[in-house]
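Raw contents of data34.txt, compact mmCIF, C-alpha atoms:
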```
# COMPACT_ATOMS: atom_id res chain seq x y z
CA MET A 1 100.29 79.62 121.20
CA LEU A 2 102.40 82.80 121.24
CA LYS A 3 103.42 81.97 124.80
CA ALA A 4 104.53 78.51 123.65
CA ILE A 5 106.60 79.97 120.82
CA TYR A 6 108.14 82.52 123.19
CA ASN A 7 108.99 79.79 125.71
CA TRP A 8 110.47 77.58 123.02
CA ILE A 9 112.82 80.38 121.93
CA ASP A 10 113.52 81.50 125.50
CA GLU A 11 114.53 77.99 126.59
CA ARG A 12 117.15 77.90 123.87
CA ILE A 13 118.65 81.38 123.83
CA ASP A 14 117.43 82.95 127.09
CA ILE A 15 115.99 86.18 125.67
CA THR A 16 114.06 87.32 128.76
CA PRO A 17 117.00 89.19 130.35
CA ILE A 18 117.72 90.92 127.04
CA TRP A 19 114.31 92.43 126.51
CA ARG A 20 114.02 93.20 130.24
CA ASP A 21 117.16 95.28 129.92
CA VAL A 22 115.70 97.10 126.96
CA ALA A 23 112.05 97.58 127.87
CA ASP A 24 111.52 97.07 131.58
CA HIS A 25 112.72 100.01 133.63
CA GLU A 26 111.45 102.40 136.29
CA VAL A 27 110.12 105.79 135.22
CA PRO A 28 110.81 108.27 138.03
CA GLU A 29 107.77 110.04 139.47
CA HIS A 30 108.93 113.54 138.52
CA VAL A 31 108.86 112.71 134.77
CA ASN A 32 105.47 110.94 134.83
CA PRO A 33 102.57 113.17 133.70
CA ALA A 34 100.19 110.89 135.58
CA HIS A 35 101.72 112.17 138.84
CA HIS A 36 102.43 115.78 137.92
CA PHE A 37 100.75 117.02 134.76
CA SER A 38 103.52 119.56 134.16
CA ALA A 39 105.85 116.61 133.61
CA PHE A 40 104.46 116.37 130.05
CA VAL A 41 107.51 118.39 129.03
CA TYR A 42 109.48 115.19 129.57
CA CYS A 43 107.49 113.51 126.76
CA PHE A 44 108.94 115.52 123.88
CA GLY A 45 111.96 113.25 123.40
CA GLY A 46 109.73 110.19 123.17
CA LEU A 47 107.35 112.03 120.85
CA THR A 48 110.26 112.96 118.60
CA PHE A 49 111.19 109.28 118.42
CA PHE A 50 107.58 108.25 117.76
CA ILE A 51 107.30 110.67 114.85
CA THR A 52 110.68 109.51 113.58
CA VAL A 53 109.32 105.94 113.45
CA ILE A 54 106.31 107.24 111.49
CA GLN A 55 108.68 109.07 109.13
CA ILE A 56 110.72 105.92 108.49
CA LEU A 57 107.62 103.79 107.87
CA SER A 58 105.81 106.28 105.62
CA GLY A 59 109.06 107.01 103.78
CA MET A 60 109.65 103.33 103.07
CA PHE A 61 106.17 103.03 101.60
CA LEU A 62 106.55 106.21 99.52
CA THR A 63 109.57 104.72 97.74
CA MET A 64 107.26 102.04 96.32
CA TYR A 65 105.98 104.67 93.89
CA TYR A 66 108.54 107.49 93.90
CA VAL A 67 111.26 107.83 91.25
CA PRO A 68 114.28 110.08 91.90
CA ASP A 69 114.61 111.37 88.36
CA ILE A 70 114.05 114.81 86.85
CA ASN A 71 111.57 113.56 84.26
CA ASN A 72 109.55 111.28 86.50
CA ALA A 73 109.85 112.58 90.07
CA TYR A 74 107.04 115.11 89.88
CA ALA A 75 104.81 112.80 87.84
CA SER A 76 105.32 109.90 90.24
CA VAL A 77 104.57 112.08 93.27
CA ASP A 78 101.47 113.41 91.51
CA TYR A 79 100.43 109.84 90.74
CA LEU A 80 100.96 108.46 94.25
CA GLN A 81 99.21 111.45 95.80
CA HIS A 82 96.14 111.52 93.57
CA LYS A 83 95.72 108.05 92.05
CA VAL A 84 96.86 105.59 94.72
CA ALA A 85 94.54 104.80 97.63
CA PHE A 86 95.65 106.55 100.85
CA GLY A 87 98.37 108.29 98.84
CA SER A 88 97.54 111.70 100.24
CA ILE A 89 97.46 110.17 103.75
CA VAL A 90 100.84 108.43 103.46
CA ARG A 91 102.52 111.38 101.78
CA GLY A 92 100.73 113.70 104.20
CA MET A 93 102.15 111.79 107.16
CA HIS A 94 105.64 112.18 105.73
CA HIS A 95 105.14 115.84 104.77
CA TRP A 96 103.59 117.06 108.04
CA GLY A 97 105.60 114.66 110.18
CA ALA A 98 108.78 116.20 108.80
CA SER A 99 107.82 119.57 110.27
CA LEU A 100 106.47 118.03 113.46
CA VAL A 101 109.66 116.11 114.14
CA ILE A 102 111.62 119.38 114.04
CA VAL A 103 109.10 121.05 116.38
CA MET A 104 109.17 118.15 118.86
CA MET A 105 112.94 117.96 118.74
CA PHE A 106 113.17 121.69 119.41
CA LEU A 107 110.80 121.43 122.39
CA HIS A 108 112.82 118.47 123.68
CA THR A 109 115.98 120.56 123.38
CA LEU A 110 114.34 123.43 125.29
CA ARG A 111 113.26 121.03 128.06
CA VAL A 112 116.76 119.60 128.37
CA PHE A 113 118.20 123.12 128.40
CA PHE A 114 115.85 124.64 130.99
CA THR A 115 116.01 121.64 133.34
CA GLY A 116 119.79 121.76 133.09
CA SER A 117 119.83 118.11 132.07
CA TYR A 118 122.77 118.66 129.75
CA LYS A 119 125.09 119.30 132.73
CA SER A 120 127.67 116.85 134.04
CA PRO A 121 127.66 113.86 133.74
CA ARG A 122 125.38 114.12 130.64
CA GLU A 123 127.45 116.40 128.38
CA MET A 124 128.17 113.58 125.92
CA ASN A 125 124.49 112.94 125.40
CA TRP A 126 123.89 116.62 124.71
CA LEU A 127 126.53 116.45 121.99
CA VAL A 128 124.95 113.32 120.50
CA GLY A 129 121.66 115.23 120.54
CA ILE A 130 123.27 118.10 118.64
CA GLY A 131 124.36 115.54 116.04
CA ILE A 132 120.80 114.21 115.78
CA PHE A 133 119.53 117.79 115.39
CA ALA A 134 121.95 118.38 112.50
CA ILE A 135 120.99 115.12 110.78
CA MET A 136 117.29 115.90 111.14
CA LEU A 137 117.85 119.27 109.44
CA GLY A 138 119.81 117.45 106.73
CA LEU A 139 116.93 115.04 106.23
CA GLY A 140 114.54 117.98 105.96
CA PHE A 141 116.78 119.74 103.44
CA THR A 142 117.38 116.71 101.21
CA GLY A 143 113.74 115.55 101.37
CA TYR A 144 112.45 118.97 100.38
CA LEU A 145 113.94 118.66 96.88
CA LEU A 146 112.48 115.26 96.06
CA PRO A 147 108.97 116.26 94.81
CA TRP A 148 110.80 118.28 92.14
CA ASP A 149 108.28 121.11 91.93
CA ASN A 150 109.22 124.78 91.66
CA LYS A 151 109.21 125.34 95.41
CA ALA A 152 111.48 122.33 95.96
CA TYR A 153 113.83 123.29 93.17
CA PHE A 154 114.38 126.90 94.10
CA ALA A 155 114.50 126.21 97.84
CA THR A 156 117.33 123.78 97.12
CA LYS A 157 119.05 126.28 94.86
CA VAL A 158 118.95 128.88 97.62
CA GLY A 159 120.03 126.33 100.24
CA ILE A 160 123.02 125.28 98.18
CA GLN A 161 123.97 128.93 97.62
CA ILE A 162 123.89 129.47 101.38
CA ALA A 163 126.14 126.43 101.84
CA ALA A 164 128.41 127.81 99.11
CA SER A 165 128.95 130.98 101.12
CA VAL A 166 130.91 129.10 103.78
CA PRO A 167 134.46 130.53 103.81
CA PHE A 168 137.15 128.54 101.99
CA ILE A 169 135.28 125.23 101.59
CA GLY A 170 131.93 126.59 100.40
CA GLU A 171 132.64 125.86 96.76
CA TYR A 172 133.47 122.23 97.56
CA ILE A 173 130.31 121.81 99.64
CA GLN A 174 128.33 123.19 96.72
CA THR A 175 129.85 120.76 94.24
CA PHE A 176 129.35 117.86 96.64
CA LEU A 177 125.67 118.68 97.16
CA GLN A 178 124.94 119.59 93.56
CA GLY A 179 126.77 116.71 91.88
CA GLY A 180 126.91 118.66 88.64
CA GLU A 181 126.07 121.93 87.01
CA PRO A 182 123.23 123.05 87.19
CA VAL A 183 121.03 121.84 90.07
CA GLY A 184 119.45 118.96 88.13
CA ALA A 185 119.61 115.29 87.33
CA GLN A 186 122.73 114.65 89.36
CA THR A 187 121.45 116.66 92.30
CA ILE A 188 118.18 114.80 92.74
CA THR A 189 119.82 111.37 92.75
CA ARG A 190 122.34 112.29 95.41
CA PHE A 191 119.74 114.07 97.51
CA PHE A 192 117.65 110.90 97.28
CA ALA A 193 120.58 108.71 98.30
CA LEU A 194 121.42 110.99 101.22
CA HIS A 195 117.75 111.20 102.23
CA VAL A 196 116.94 107.48 102.24
CA PHE A 197 120.26 105.74 102.93
CA PHE A 198 123.09 107.80 104.40
CA LEU A 199 121.30 110.20 106.73
CA PRO A 200 118.82 107.63 108.14
CA ALA A 201 121.71 105.23 108.80
CA ALA A 202 123.60 107.96 110.66
CA LEU A 203 120.40 108.94 112.46
CA LEU A 204 119.76 105.40 113.70
CA ALA A 205 123.35 105.10 114.92
CA LEU A 206 123.11 108.36 116.86
CA LEU A 207 119.65 107.49 118.22
CA GLY A 208 121.12 104.21 119.47
CA ALA A 209 123.89 106.14 121.23
CA HIS A 210 121.35 108.65 122.61
CA PHE A 211 119.20 105.87 124.11
CA PHE A 212 122.17 103.89 125.35
CA LEU A 213 123.49 106.91 127.21
CA ILE A 214 120.14 107.82 128.78
CA ARG A 215 119.73 104.25 130.03
CA LYS A 216 123.31 104.12 131.29
CA GLN A 217 123.14 107.47 133.08
CA GLY A 218 119.46 107.55 134.02
CA ILE A 219 117.03 110.46 133.68
CA SER A 220 118.21 113.63 135.41
CA GLY A 221 116.72 114.28 138.87
CA PRO A 222 113.89 116.66 139.75
CA LEU A 223 114.53 120.38 139.83
CA MET B 1 100.09 103.99 118.09
CA VAL B 2 102.01 103.03 114.99
CA SER B 3 99.36 100.51 113.89
CA MET B 4 96.98 102.97 112.18
CA PRO B 5 99.70 104.66 110.09
CA LEU B 6 100.97 101.18 109.28
CA LEU B 7 97.53 100.03 108.11
CA TRP B 8 97.10 103.09 105.88
CA SER B 9 100.56 102.53 104.46
CA ILE B 10 99.86 98.86 103.75
CA ARG B 11 96.62 99.80 101.96
CA PHE B 12 98.73 102.27 99.95
CA ALA B 13 101.28 99.56 99.13
CA VAL B 14 98.77 96.91 98.00
CA ASP B 15 96.75 99.34 95.87
CA PRO B 16 97.85 97.68 92.59
CA LEU B 17 96.29 94.40 93.80
CA LEU B 18 92.91 96.09 94.20
CA GLN B 19 92.84 97.90 90.86
CA PRO B 20 90.33 96.54 88.31
CA LYS B 21 91.97 94.74 85.39
CA GLN B 22 92.23 97.09 82.44
CA SER B 23 90.64 95.74 79.29
CA ALA B 24 92.30 96.71 76.02
CA ASP B 25 90.64 99.43 73.95
CA TRP B 26 89.35 98.56 70.48
CA VAL B 27 91.66 99.95 67.81
CA LYS B 28 90.46 100.48 64.23
CA VAL B 29 93.10 98.90 61.99
CA ILE B 30 91.93 98.04 58.46
CA GLU B 31 88.89 98.01 56.16
CA GLU B 32 87.21 94.62 55.96
CA LYS B 33 87.29 94.64 52.16
CA ASP B 34 91.10 94.77 52.26
CA VAL B 35 91.27 91.51 54.21
CA SER B 36 91.63 88.34 52.11
CA GLU B 37 92.44 84.71 52.84
CA THR B 38 96.12 85.64 52.64
CA PRO B 39 97.31 87.09 55.95
CA VAL B 40 98.38 90.74 55.81
CA SER B 41 100.40 92.56 58.40
CA VAL B 42 98.83 95.62 60.01
CA LYS B 43 100.62 97.92 62.43
CA PHE B 44 98.64 99.93 64.94
CA LYS B 45 99.24 101.98 68.06
CA VAL B 46 97.71 101.31 71.45
CA HIS B 47 97.56 103.78 74.31
CA VAL B 48 99.16 102.40 77.48
CA VAL B 49 98.76 104.10 80.86
CA ASP B 50 101.50 102.69 83.07
CA GLY B 51 101.15 104.57 86.34
CA TRP B 52 102.61 108.01 85.69
CA TYR B 53 104.07 106.91 82.35
CA GLU B 54 101.78 107.04 79.31
CA HIS B 55 102.98 105.90 75.92
CA ASP B 56 101.74 104.57 72.57
CA PRO B 57 103.70 101.48 71.57
CA GLU B 58 103.19 100.08 68.06
CA LEU B 59 101.78 96.57 67.78
CA GLU B 60 101.45 94.28 64.79
CA ALA B 61 98.84 91.74 63.79
CA TRP B 62 98.50 89.28 60.91
CA ILE B 63 94.92 89.62 59.67
CA ALA B 64 93.12 87.16 57.39
CA LYS B 65 89.72 85.63 56.69
CA ASP B 66 88.94 81.98 57.35
CA GLU B 67 87.06 79.77 54.85
CA ASP B 68 83.73 81.13 56.14
CA GLY B 69 84.87 84.70 55.51
CA LYS B 70 85.25 85.43 59.22
CA VAL B 71 88.08 87.84 60.05
CA TYR B 72 90.74 86.73 62.53
CA ALA B 73 94.01 88.28 63.67
CA LEU B 74 97.14 86.57 64.97
CA SER B 75 99.92 87.98 67.12
CA PRO B 76 103.29 87.98 65.30
CA THR B 77 105.13 86.97 68.49
CA CYS B 78 106.60 83.49 68.09
CA LYS B 79 105.56 81.14 70.91
CA HIS B 80 109.02 79.62 70.98
CA LEU B 81 111.21 82.48 72.20
CA GLY B 82 109.31 85.57 71.17
CA CYS B 83 110.81 86.63 67.82
CA ARG B 84 108.61 88.04 65.07
CA VAL B 85 107.01 85.58 62.67
CA GLU B 86 106.27 86.47 59.04
CA TRP B 87 103.69 85.02 56.65
CA ASN B 88 105.50 83.20 53.84
CA GLY B 89 108.76 84.28 55.45
CA ASP B 90 110.69 81.50 53.72
CA PRO B 91 108.74 80.85 50.47
CA ASN B 92 111.30 78.36 49.08
CA ARG B 93 111.46 75.91 51.94
CA PHE B 94 108.24 76.64 53.84
CA PRO B 95 105.69 78.21 51.49
CA GLU B 96 102.33 79.38 52.77
CA LEU B 97 103.33 79.18 56.42
CA PHE B 98 104.14 81.61 59.22
CA PHE B 99 107.91 81.40 59.61
CA CYS B 100 110.17 82.54 62.43
CA PRO B 101 113.76 83.27 61.30
CA CYS B 102 115.30 82.71 64.73
CA HIS B 103 114.89 78.93 65.05
CA GLU B 104 112.74 78.12 62.00
CA ALA B 105 109.49 77.69 63.90
CA ARG B 106 106.51 77.25 61.54
CA TYR B 107 102.79 77.79 61.94
CA THR B 108 99.80 77.20 59.69
CA LYS B 109 97.66 80.02 58.38
CA LYS B 110 95.50 79.76 61.50
CA GLY B 111 98.55 79.75 63.75
CA LYS B 112 98.82 76.03 64.54
CA ASN B 113 102.37 75.23 65.61
CA LEU B 114 104.01 72.72 63.22
CA ALA B 115 107.63 72.73 64.36
CA VAL B 116 109.85 74.06 67.16
CA ALA B 117 107.21 76.19 68.92
CA PRO B 118 105.28 74.57 71.80
CA GLU B 119 101.99 76.45 71.30
CA PRO B 120 99.94 78.05 68.53
CA LEU B 121 100.22 81.78 67.80
CA ASP B 122 98.16 84.03 70.09
CA GLN B 123 95.04 85.66 68.76
CA TYR B 124 93.71 89.20 68.94
CA GLU B 125 90.13 89.93 69.92
CA VAL B 126 88.45 90.96 66.64
CA LYS B 127 85.35 93.06 66.02
CA VAL B 128 83.99 94.07 62.60
CA ASP B 129 81.86 97.18 62.62
CA ASN B 130 80.59 99.22 59.68
CA GLY B 131 83.12 97.72 57.25
CA TRP B 132 86.10 98.28 59.56
CA VAL B 133 88.10 95.75 61.55
CA TYR B 134 88.86 96.56 65.19
CA LEU B 135 91.40 94.73 67.34
CA GLY B 136 91.35 94.34 71.11
CA GLY B 137 93.32 92.31 73.63
CA VAL B 138 95.46 89.21 73.03
CA HIS B 139 94.43 85.74 74.17
CA PRO B 140 95.58 82.15 73.47
CA ASN B 141 94.64 80.72 70.08
CA ARG B 142 91.10 79.29 69.88
CA LEU B 143 91.09 78.69 66.12
CA VAL B 144 93.14 75.50 66.12
CA LYS B 145 93.57 72.53 68.35
```
Rewrite the structure from the file as structure tokens, please.
Amino acid sequence: MLKAIYNWIDERIDITPIWRDVADHEVPEHVNPAHHFSAFVYCFGGLTFFITVIQILSGMFLTMYYVPDINNAYASVDYLQHKVAFGSIVRGMHHWGASLVIVMMFLHTLRVFFTGSYKSPREMNWLVGIGIFAIMLGLGFTGYLLPWDNKAYFATKVGIQIAASVPFIGEYIQTFLQGGEPVGAQTITRFFALHVFFLPAALLALLGAHFFLIRKQGISGPL
Amino acid sequence: MVSMPLLWSIRFAVDPLLQPKQSADWVKVIEEKDVSETPVSVKFKVHVVDGWYEHDPELEAWIAKDEDGKVYALSPTCKHLGCRVEWNGDPNRFPELFFCPCHEARYTKKGKNLAVAPEPLDQYEVKVDNGWVYLGGVHPNRLVK
């Protein structure tokens, strides 16, 4: 049945070469943990992506209950965590995954650094990776405010003050992040917008570039 | 690998489908001896738990006794377009009827629709206990046909 549907589509628009280009490619022996166990260090990039997919999925589901508003944010998080089935699981995935994605990304960065994979001709992909790193930190920072508890609020206040200490433009960064005075109603809505629309869109674009470049240039050779 | 997280998330998303239907609480509204064959309006508050938002909206009912002395209560929401109907609302033209000022819908004392409205007025669940009248949920009119 599925085969018939696939063939029907394939006859018309010839999709086999497309998905072969995307999914079907050789993995060199020196990055395959089945051949050399120590090659597990080459898995951290893929693990980062896997956790990112989990973050996007769990985040989409969380917005079914969450409200980005100073009166309702905490109450809606409390409700989805304690009253909705699997609420603590779904929010837990998003909460712990957020830390894990940073850890995996950091390990991936270390692997790339110590295998010298950033060297010519892969400098561009290192820079794209730096961009992904920055966006991930931005996602962590903006997401941290959303539960609107004391920890979230004051962590954001401190974070914005740090941003405000940037020479010359600090004050403008602060106003942009805060939306108004004080950290409050206007802050939580823009942090929500950044967290669920702008930063993920930028992240997906950079991930696309990251994967395009690695496929174009191939995985760096053995040490 | 993504399938388990996806299953948990889907269970999370469909949770409202699997919640038991909430039945309305009984609210004590008026003493039975104050109810006559002429409908009287009573206002009462119900407690609504809407997810993380709890509030106490005020509802209204028209309460009267039928010819057998049995207490019934009608919803004041017009079945035409949802305005508020009033007993004897236009005593000159339509005496002794429920009247809706928006489009002149009329109903009998038991809520039977006479003009404009397509259905009779909805009815509250009624319970009389120890001389007091209690109201519950709203359902379609069963007094008239």
Closest of A:His25, A:Arg20, A:Lys83, A:Lys151 to chain B - atom-to-atom distances counting only C-alpha atoms: A:Lys83
Closest of B:Glu54, B:Asp25, B:Glu96, B:Glu31 to chain A - atom-to-atom distances counting only C-alpha atoms: B:Glu54
Length of the atom CA of Ile130 of chain A to atom CA of Ile162 of chain A vector [Å]: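 For atom CA of Ile130 of chain A relative to atom CA of Ile162 of chain A, the distance reads 20.7 Å.
Near Tyr66 of chain A, within a cut-off of 10 Å and counting all atoms listed in the file, sit the residues Gly59, Phe61, Leu62, Thr63, Asp69, Asn72, Ala73, Tyr74, Ala75, Ser76, Val77, Asp78, Tyr79, Leu80, Leu146 and Pro147 of chain A, with same-chain residues fewer than 3 positions away left out.
Residue list for chain B within 10 Å of chain A: Met1, Val2, Ser3, Pro5, Leu6, Leu7, Trp8, Ser9, Ile10, Arg11, Phe12, Ala13, Val14, Asp15, Pro16, Leu18, Gln19, Gly51, Trp52 and Tyr53 of chain B, counting all atoms listed in the file.
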File dump, residues just selected, C-alpha atoms, as an mmCIF file, in the frame of the given file:
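Full text of out25.cif as output:
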```cif
data_model
loop_
_atom_site.group_PDB
_atom_site.id
_atom_site.type_symbol
_atom_site.label_atom_id
_atom_site.label_comp_id
_atom_site.auth_asym_id
_atom_site.auth_seq_id
_atom_site.Cartn_x
_atom_site.Cartn_y
_atom_site.Cartn_z
ATOM 1 C CA MET B 1 100.090 103.990 118.090
ATOM 2 C CA VAL B 2 102.010 103.030 114.990
ATOM 3 C CA SER B 3 99.360 100.510 113.890
ATOM 4 C CA PRO B 5 99.700 104.660 110.090
ATOM 5 C CA LEU B 6 100.970 101.180 109.280
ATOM 6 C CA LEU B 7 97.530 100.030 108.110
ATOM 7 C CA TRP B 8 97.100 103.090 105.880
ATOM 8 C CA SER B 9 100.560 102.530 104.460
ATOM 9 C CA ILE B 10 99.860 98.860 103.750
ATOM 10 C CA ARG B 11 96.620 99.800 101.960
ATOM 11 C CA PHE B 12 98.730 102.270 99.950
ATOM 12 C CA ALA B 13 101.280 99.560 99.130
ATOM 13 C CA VAL B 14 98.770 96.910 98.000
ATOM 14 C CA ASP B 15 96.750 99.340 95.870
ATOM 15 C CA PRO B 16 97.850 97.680 92.590
ATOM 16 C CA LEU B 18 92.910 96.090 94.200
ATOM 17 C CA GLN B 19 92.840 97.900 90.860
ATOM 18 C CA GLY B 51 101.150 104.570 86.340
ATOM 19 C CA TRP B 52 102.610 108.010 85.690
ATOM 20 C CA TYR B 53 104.070 106.910 82.350
#
```
Close residues, segment 122-126 of chain B itself excluded, 10 Å, all atoms listed in the file, min 3 positions apart in chain, as a PyMOL selection string: chain B and resi 24+26-27+61-63+70-79+110-112+119+129+133-143
Residue contacts of Val41 of chain A (10 Å, all atoms listed in the file) excluding same-chain residues fewer than 6 positions away, as a list of chain:residue names: A:Val31, A:Asn32, A:Pro33, A:Leu107, A:His108, A:Leu110, A:Arg111, A:Val112
Neighbour list for segment 100-108 of chain B as a VMD selection string, cut-off 10 Å, only C-alpha atoms, skip fewer than 6 positions in-chain: chain B and resid 76 to 90 94 114 to 121 144
All residues 8 Å or closer to Leu203 of chain A, only C-alpha atoms, same chain fewer than 6 positions away omitted, as number ranges by chain: A: 132, 135-136
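In this structure, atom CA of His195 of chain A sits 9.9 Å away from atom CA of Leu145 of chain A.
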Distance criterion (only C-alpha atoms): nearest to Lys43 of chain B out of B:His55, B:Lys28, B:Gly69, B:Met4: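 For Lys43 of chain B, the nearest of the given residues is B:Lys28.
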Using all atoms listed in the file: which of A:Trp126, A:Glu26, A:Gln55, A:Phe197 has the shortest distance to Phe211 of chain A: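 The shortest atom-to-atom distance to Phe211 of chain A comes from A:Trp126.
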Counting all atoms listed in the file, the residue of A:Thr16, A:Gln217, A:Gln81, A:Gln186 that sits nearest Met124 of chain A: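 Using all atoms listed in the file, Met124 of chain A sits closest to A:Gln217.
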Separation of atom CA of Ile219 of chain A from atom CA of Ser38 of chain A in Å: 16.3 Å
Pick from A:Trp8, A:His95, A:Ile160, A:Gly129, whichever lies nearest to Gly179 of chain A using all atoms listed in the file: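 Looking at the shortest contact to Gly179 of chain A, the residue is A:Ile160.
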